[in-house]
Amino acid sequence: MVAVGSLLSSAASSAEHDVAEPSEHFLATYCSACHNDEDWAGSLSFDYLPASSLHGGDKLPEWEKILRKTRLGEMPPADQLQPPPEAMAAFRGWLENSLDNRAVVHPDPGRATLRRLNRSEYGNAVRDLLALDVDVSAELPPDDSGYGFDNIADVLSVSPTLMDRYIAVAETISRLAVGAGPQAPVLVSYTVPKDGASSNHGVPAYNERSNEALPLDSRGGGAFPYYAPYDGIYEISGHLNANTNNDIERLPEDEFSLRVPLKAGAHMIGMAFRKELALDDRMKAMRNEVLIVKIPPEPARELTLDFIVDGARVDQTLVPSYVVRPRFSQNNYPRDVMQIDVKGPFDISGPGKTDSIRKIFVCEPTAAAESENACARKILSILARQAYRRPVTDTDVALLMRIYTIGRDGADFRQGIAAALQAMLISPHFLFLQEKDPVDSAPGSVHAISDLEFASRLALFLWSSLPDEALLRSAEAGTLRKPAELQAQVSRMLADPRAHALVENFAGQWLYLRNLDLHQPDRAIFPQYDVRLQQAMKQETELFFSYVVNQNRSILEFLDADYTFLNQRLAEHYGIDGVKGTAFRKVALPADSPRGGLLGQGSILTVTSYGNHTSVVKRGKWILENLLASAPPPPPPDVPALKTSQNGKALNAREQMAMHRADPVCASCHVKMDPMGFALEQFDAVGGYRTHDAGQLVDVASTMPDGTQFTGMNGLKDVLLAQSDEFVLAFTERLLTY
């Protein structure tokens with residue numbers, strides 16, 4: 001069994017002894033009949049790719065592809081002459097060892113010695129450097145992706161517009177950190193999503209875990225983190241659903257506000273109704289497919305709206321009575337909190353003792369200028385060491401002190417520190433991961449990176465952030481890459497809450513979880529899909545990934561596991577009994593459950609579907625690309641759309657794909673994608689289990705290109721586990737790419 005820990009620790013490579021090249025007879029007998037200069041099957045010809053080309057470096061990608069195809073049993077095709085198993089094993093062994101040996105003799109570590117922090121890493125670095133947990137993602141443009149990830153040096157370019165944004169963001173951050181934020185009242189709005197849609201751009205994103213801040217006996221509201229820049233008064237406002245789609249009928253009573261004193265720093269602001277009112281506002285029942293709506297008699301009942309700060313009620317307000325009128329929107333949407341606004345500060349009483357101020361101001365200057373300079377130098381030296389991820393030089397500090405002096409002139413000590421912090425946050429030493437060649441190194445030569453550079457890589461890998469003091473000290477002592485010390489540091493870092501970045505950024509991109517927030521299933525077809533189910537799906541996969549990593553489980557549990565993580569909402573969607581409440585917990589799956597492993601999780605099944613139907617192709621391609629690193633080539637530009645009906649009869653997925661594969665050009669790729677996709681057809685486009693589609697029983701029997709037959713999810717798991725070595729290599733490749 002391969003444990004995740006073994007893939008996250010340092011490992012040494014040793015060259016295997018050379019294996020004699022097989023004769024050209026193998027290639028000529030089993031490959032060249034199709035792969036030649038005349039047929040060019042798969043855009044590959046062995047007429048120009050003899051076995052001896054392995055000794056050169058320009059044909060290595062082709063040989064890597066050949067190794068992967070033969071490992072997966074895709075070549076030779078099932079309808080062609082097959083080599084004896086021992087001959088195929090000898091060929092693969094020769095090819096694998098030849099590639100490995102050449103890589104040892106001619107290592108290629110890449111030449112990207114300068115990489116910009118991406119948006120996520122920048123925000124995390126600010127958080128850890130200044131103890132300032134503010135979301136800067138809305139202020140910076142999204143990063144481009146390459147090879148499936150957004151932390152690839154080749155695509156993380158820098159433009160004048162981006163630098164302008166960095167300068168503006170750095171100014172805001174530095175002033176907030178030193179307690180010199182804007183004194184004019186600023187409005188921050190939070191939209192509580194109700195229909196599965198994501199929050200609007202520029203407002204805090206919905207997160208089910210944020211609502212853990214709400215009292216247990218509340219419902220129908222939301223909560224979001226808010227950073228108060230000063231001790232002062234803040235106005236919290238709630239906008240309620242008016243139970244009408246007619247703006248004329250909205251009343252002033254649909255908006256409520258409360259002025260609350262807040263301490264500077266982060267707070268969890270929320271609003272919710274009392275639980276005991278639940279859905280009594282409107283009651284409906286289905287009788288013989290007729291919707292019956294019970295309207296409360298006049299005078300209508302009153303509701304209690306709770307204002308909440310950091311999980312505690314600060315006010316309870318009676319909402320004026322109202323009458324639910326028999327309109328569609330009124331019948332289907334009960335009274336609820338739709339938006340929360342926070343405006344402030346008013347009546348500022350001081351900057352407060354925030355975590356940022358405590359971390360930054362390790363000394364307090366007296367009135368003497370010399371004492372101020374000494375204190376400023378101490379502050380900036382400490383912060384620059386972490387920001388630049390290395391010991392700082394006198395030149396580093398002198399440049400920051402020059403900016404401090406300019407900012408201090410005509411202002412005060414804190415304004416000077418803020419100016420120096422702004423300069424620090426836009427310095428190339430902060431914005432870029434830099435790895436320098438040794439002095440007098442020959443062009444093109446290969447060398448090991450320094451321990452400090454390795455510490456930066458490790459912190460960006462596991463935390464998407466800066467190395468902390470413990471990591472820097474280990475690097476400076478030269479002990480970081482010793483096996484015992486490295487294992488201890490990795491274990492410590494994975495146990496730290498900052499390691500959730502590995503889930504958000506690696507798993508979020510490897511598994512396409514980031515796409516889930518943008519996915520909008522057709523609500524007419526899937527009325528059960530809402531934002532809470534969407535968030536529950538995402539959280540299941542995140543908790544599952546974290547558990548495998550943190551408990552150092554076998555990575556094969558990504559393919560098949562007898563447990564998952566559920567709350568009541570998701571368990572009901574899966575048809576699993578005995579799970580109550582909103583909290584997630586580890587749940588043992590029944591032996592006959594179609595779930596277990598990534599492929600049985602709603603998040604994966606949803607992002608690999610269309611909004612109104614499943615996709616055999618998307619699901620099959622996802623498996624090949626993400627679990628086996630064997631992505632098919634992109635489709636040609638003129639691929640016709642699938643036919644959903646024929647002669648007035650609705651076609652199920654298997655019938656649609658059979659018509660599509662009638663074209664030999666299409667069949668060559670679909671022959672390996674479709675069998676895996678068909679195995680998942682018992683799950684609908686939002687991950688619910690089903691037995692019928694288009695009025696027909698779902699057929700999940702499949703045949704692989706090598707002739708292997710299997711049925712449904714359990715059969716697919718067996719196929720993937722039989723290729724576990726390929727999955728381990730694919731996972732490792734993705735991890736190292738990230």
# chains A, B, ... in the order shown; residues from 1 in each chain; ligands from 1

$ residues_around --residues "Thr708 in chain A" --least-positions-apart "3" --cutoff "12 Å" --atoms "only C-alpha atoms" --output "list in words"
Leu72, Gly73, Glu74, Ala78, Lys672, Pro675, Met676, Ala701, Ser702, Thr703, Met704, Pro705, Thr711, Gly715, Leu716, Asp718, Val719, Leu720 and Ala722 of chain A

$ select_by_dssp --residues "range 517-615 of chain A" --states "strand (DSSP E)" --output "number ranges by chain"
A: 563-566, 585-588

$ write_last_selection --atoms "N, CA and C atoms" --output "PDB file, in the first residue's frame"
ATOM      1  N   TYR A 563     -15.757   4.296   3.648  1.00  0.00           N
ATOM      2  CA  TYR A 563     -16.244   5.390   4.493  1.00  0.00           C
ATOM      3  C   TYR A 563     -16.288   6.667   3.664  1.00  0.00           C
ATOM      4  N   THR A 564     -17.001   7.657   4.187  1.00  0.00           N
ATOM      5  CA  THR A 564     -16.954   9.003   3.631  1.00  0.00           C
ATOM      6  C   THR A 564     -17.347   9.964   4.743  1.00  0.00           C
ATOM      7  N   PHE A 565     -17.565  11.237   4.407  1.00  0.00           N
ATOM      8  CA  PHE A 565     -17.906  12.255   5.402  1.00  0.00           C
ATOM      9  C   PHE A 565     -19.208  12.923   4.972  1.00  0.00           C
ATOM     10  N   LEU A 566     -20.200  12.885   5.870  1.00  0.00           N
ATOM     11  CA  LEU A 566     -21.544  13.338   5.520  1.00  0.00           C
ATOM     12  C   LEU A 566     -22.152  14.175   6.621  1.00  0.00           C
ATOM     13  N   ARG A 585     -19.535  14.280   9.788  1.00  0.00           N
ATOM     14  CA  ARG A 585     -18.858  13.258  10.560  1.00  0.00           C
ATOM     15  C   ARG A 585     -18.470  12.108   9.617  1.00  0.00           C
ATOM     16  N   LYS A 586     -17.477  11.319  10.051  1.00  0.00           N
ATOM     17  CA  LYS A 586     -17.063  10.162   9.267  1.00  0.00           C
ATOM     18  C   LYS A 586     -18.142   9.098   9.374  1.00  0.00           C
ATOM     19  N   VAL A 587     -18.563   8.568   8.227  1.00  0.00           N
ATOM     20  CA  VAL A 587     -19.660   7.605   8.179  1.00  0.00           C
ATOM     21  C   VAL A 587     -19.180   6.346   7.466  1.00  0.00           C
ATOM     22  N   ALA A 588     -19.373   5.191   8.100  1.00  0.00           N
ATOM     23  CA  ALA A 588     -19.054   3.913   7.459  1.00  0.00           C
ATOM     24  C   ALA A 588     -20.119   3.611   6.414  1.00  0.00           C
TER      25      ALA A 588
END

$ atom_distance --atom1 "CA of Gln434 in chain A" --atom2 "CA of Glu121 in chain A"
14.8 Å

$ residues_around --residues "Glu139 in chain A" --least-positions-apart "4" --cutoff "12 Å" --atoms "only C-alpha atoms" --output "list in words"
Arg119, Ser120, Tyr122, Gly123, Val134, Asp135, Leu162, Met163, Asp164, Arg165, Tyr166, Ile167, Ala168, Val169, Ala170, Thr172, Ile173, His201, Gly202 and Val203 of chain A

$ residues_around --residues "Ile348 in chain A" --least-positions-apart "6" --cutoff "7 Å" --atoms "only C-alpha atoms" --output "ChimeraX atom specification"
/A:230-233

$ write_last_selection --atoms "N, CA, C and O atoms" --output "PDB file, in the first residue's frame"
ATOM      1  N   TYR A 230     -11.239  49.854  13.277  1.00  0.00           N
ATOM      2  CA  TYR A 230     -11.057  50.626  14.509  1.00  0.00           C
ATOM      3  C   TYR A 230     -12.045  50.157  15.566  1.00  0.00           C
ATOM      4  O   TYR A 230     -13.086  49.565  15.254  1.00  0.00           O
ATOM      5  N   ASP A 231     -11.713  50.474  16.826  1.00  0.00           N
ATOM      6  CA  ASP A 231     -12.737  50.423  17.868  1.00  0.00           C
ATOM      7  C   ASP A 231     -13.741  51.524  17.561  1.00  0.00           C
ATOM      8  O   ASP A 231     -13.360  52.679  17.352  1.00  0.00           O
ATOM      9  N   GLY A 232     -15.012  51.188  17.499  1.00  0.00           N
ATOM     10  CA  GLY A 232     -16.000  52.208  17.179  1.00  0.00           C
ATOM     11  C   GLY A 232     -17.380  51.603  17.037  1.00  0.00           C
ATOM     12  O   GLY A 232     -17.622  50.450  17.403  1.00  0.00           O
ATOM     13  N   ILE A 233     -18.283  52.406  16.491  1.00  0.00           N
ATOM     14  CA  ILE A 233     -19.663  51.989  16.273  1.00  0.00           C
ATOM     15  C   ILE A 233     -19.831  51.578  14.812  1.00  0.00           C
ATOM     16  O   ILE A 233     -19.365  52.265  13.906  1.00  0.00           O
TER      17      ILE A 233
END

$ residues_around --residues "Asp468 in chain A" --least-positions-apart "3" --cutoff "10 Å" --atoms "only C-alpha atoms" --output "ChimeraX atom specification"
/A:128-129,385-387,389,455-456,459,465,471-473,493

$ write_last_selection --atoms "N, CA and C atoms" --output "mmCIF file, in the first residue's frame"
data_model
loop_
_atom_site.group_PDB
_atom_site.id
_atom_site.type_symbol
_atom_site.label_atom_id
_atom_site.label_comp_id
_atom_site.auth_asym_id
_atom_site.auth_seq_id
_atom_site.Cartn_x
_atom_site.Cartn_y
_atom_site.Cartn_z
ATOM 1 N N ASP A 128 -0.108 35.587 7.161
ATOM 2 C CA ASP A 128 0.895 35.054 8.081
ATOM 3 C C ASP A 128 1.963 36.078 8.441
ATOM 4 N N LEU A 129 2.238 36.995 7.535
ATOM 5 C CA LEU A 129 3.252 38.008 7.813
ATOM 6 C C LEU A 129 2.746 39.051 8.794
ATOM 7 N N ARG A 385 12.534 39.584 7.290
ATOM 8 C CA ARG A 385 13.105 38.225 7.332
ATOM 9 C C ARG A 385 12.062 37.190 6.909
ATOM 10 N N GLN A 386 10.841 37.327 7.401
ATOM 11 C CA GLN A 386 9.798 36.384 7.015
ATOM 12 C C GLN A 386 9.261 36.698 5.624
ATOM 13 N N ALA A 387 9.088 37.994 5.313
ATOM 14 C CA ALA A 387 8.543 38.375 4.008
ATOM 15 C C ALA A 387 9.446 37.935 2.869
ATOM 16 N N ARG A 389 11.763 35.600 3.128
ATOM 17 C CA ARG A 389 12.030 34.167 3.276
ATOM 18 C C ARG A 389 13.523 33.851 3.380
ATOM 19 N N ALA A 455 13.083 25.599 1.779
ATOM 20 C CA ALA A 455 12.079 25.945 2.794
ATOM 21 C C ALA A 455 10.936 26.737 2.171
ATOM 22 N N SER A 456 11.262 27.649 1.253
ATOM 23 C CA SER A 456 10.215 28.419 0.579
ATOM 24 C C SER A 456 9.343 27.518 -0.275
ATOM 25 N N ALA A 459 7.023 25.516 2.053
ATOM 26 C CA ALA A 459 5.936 26.320 2.606
ATOM 27 C C ALA A 459 4.873 26.621 1.549
ATOM 28 N N SER A 465 2.002 29.578 1.362
ATOM 29 C CA SER A 465 2.334 30.763 2.142
ATOM 30 C C SER A 465 3.836 30.818 2.398
ATOM 31 N N LEU A 471 10.707 26.813 10.388
ATOM 32 C CA LEU A 471 11.212 26.327 9.113
ATOM 33 C C LEU A 471 12.461 27.099 8.689
ATOM 34 N N LEU A 472 12.444 28.421 8.897
ATOM 35 C CA LEU A 472 13.609 29.233 8.553
ATOM 36 C C LEU A 472 14.825 28.846 9.392
ATOM 37 N N ARG A 473 14.614 28.606 10.678
ATOM 38 C CA ARG A 473 15.730 28.234 11.553
ATOM 39 C C ARG A 473 16.330 26.901 11.126
ATOM 40 N N MET A 493 3.861 20.608 9.744
ATOM 41 C CA MET A 493 3.177 21.517 8.834
ATOM 42 C C MET A 493 1.818 20.973 8.400
#

$ closest_residue --among "A:Glu212, A:Tyr30, A:Ala470, A:Ser218" --to "Pro84 in chain A" --atoms "only C-alpha atoms"
A:Tyr30

$ residues_around --residues "Arg457 in chain A" --least-positions-apart "3" --cutoff "12 Å" --atoms "only C-alpha atoms" --output "number ranges by chain"
A: 113-115, 117, 121, 151, 389, 432-435, 449-454, 460-467, 471-472, 475, 736, 738

$ atom_distance --atom1 "CA of Val260 in chain A" --atom2 "CA of Glu235 in chain A"
6.3 Å

$ closest_residue --among "A:Ile406, A:Gly179, A:Asp412, A:Ala583" --to "Gly350 in chain A" --atoms "only C-alpha atoms"
A:Gly179

$ atom_distance --atom1 "CA of Trp622 in chain A" --atom2 "CA of Asn652 in chain A"
20.8 Å

$ select_by_dssp --residues "range 580-696 of chain A" --states "alpha helix (DSSP H)" --output "MDAnalysis selection string"
chainID A and resid 602:607 616:622 653:660 664:678

$ closest_residue --among "A:Ala653, A:Ala629, A:Val319, A:Leu570" --to "Val728 in chain A" --atoms "only C-alpha atoms"
A:Ala629

$ closest_atom_pairs --of "range 138-163 of chain A" --to "range 500-516 of chain A" --cutoff "10 Å" --atoms "only C-alpha atoms" --output "JSON lines"
{"residue": "A:Ser145", "atom": "CA", "partner": "A:Gln509", "partner_atom": "CA", "distance": 9.8}
{"residue": "A:Gly148", "atom": "CA", "partner": "A:Gln509", "partner_atom": "CA", "distance": 6.8}
{"residue": "A:Phe149", "atom": "CA", "partner": "A:Gln509", "partner_atom": "CA", "distance": 6.3}
{"residue": "A:Asp150", "atom": "CA", "partner": "A:Gln509", "partner_atom": "CA", "distance": 8.4}
{"residue": "A:Asn151", "atom": "CA", "partner": "A:Asn505", "partner_atom": "CA", "distance": 9.2}

$ residues_around --residues "range 695-697 of chain A" --least-positions-apart "3" --cutoff "9 Å" --atoms "only C-alpha atoms" --output "PyMOL selection string"
chain A and resi 650+652+691-692

$ write_last_selection --atoms "N, CA, C and O atoms" --output "PDB file, in the first residue's frame"
ATOM      1  N   ALA A 650     -36.954   9.305 -27.243  1.00  0.00           N
ATOM      2  CA  ALA A 650     -35.817   9.818 -26.481  1.00  0.00           C
ATOM      3  C   ALA A 650     -34.734   8.754 -26.406  1.00  0.00           C
ATOM      4  O   ALA A 650     -35.016   7.568 -26.167  1.00  0.00           O
ATOM      5  N   ASN A 652     -31.301   7.233 -24.678  1.00  0.00           N
ATOM      6  CA  ASN A 652     -30.496   7.296 -23.466  1.00  0.00           C
ATOM      7  C   ASN A 652     -29.029   7.517 -23.847  1.00  0.00           C
ATOM      8  O   ASN A 652     -28.667   7.576 -25.024  1.00  0.00           O
ATOM      9  N   THR A 691     -31.863   4.393 -11.319  1.00  0.00           N
ATOM     10  CA  THR A 691     -31.865   3.105 -12.011  1.00  0.00           C
ATOM     11  C   THR A 691     -32.368   3.230 -13.443  1.00  0.00           C
ATOM     12  O   THR A 691     -32.158   2.320 -14.245  1.00  0.00           O
ATOM     13  N   HIS A 692     -33.051   4.353 -13.771  1.00  0.00           N
ATOM     14  CA  HIS A 692     -33.617   4.533 -15.101  1.00  0.00           C
ATOM     15  C   HIS A 692     -33.195   5.883 -15.678  1.00  0.00           C
ATOM     16  O   HIS A 692     -32.973   6.848 -14.949  1.00  0.00           O
TER      17      HIS A 692
END

$ closest_residue --among "A:Ser98, A:Thr405, A:Gln656, A:Ser491" --to "Gly56 in chain A" --atoms "only C-alpha atoms"
A:Ser98
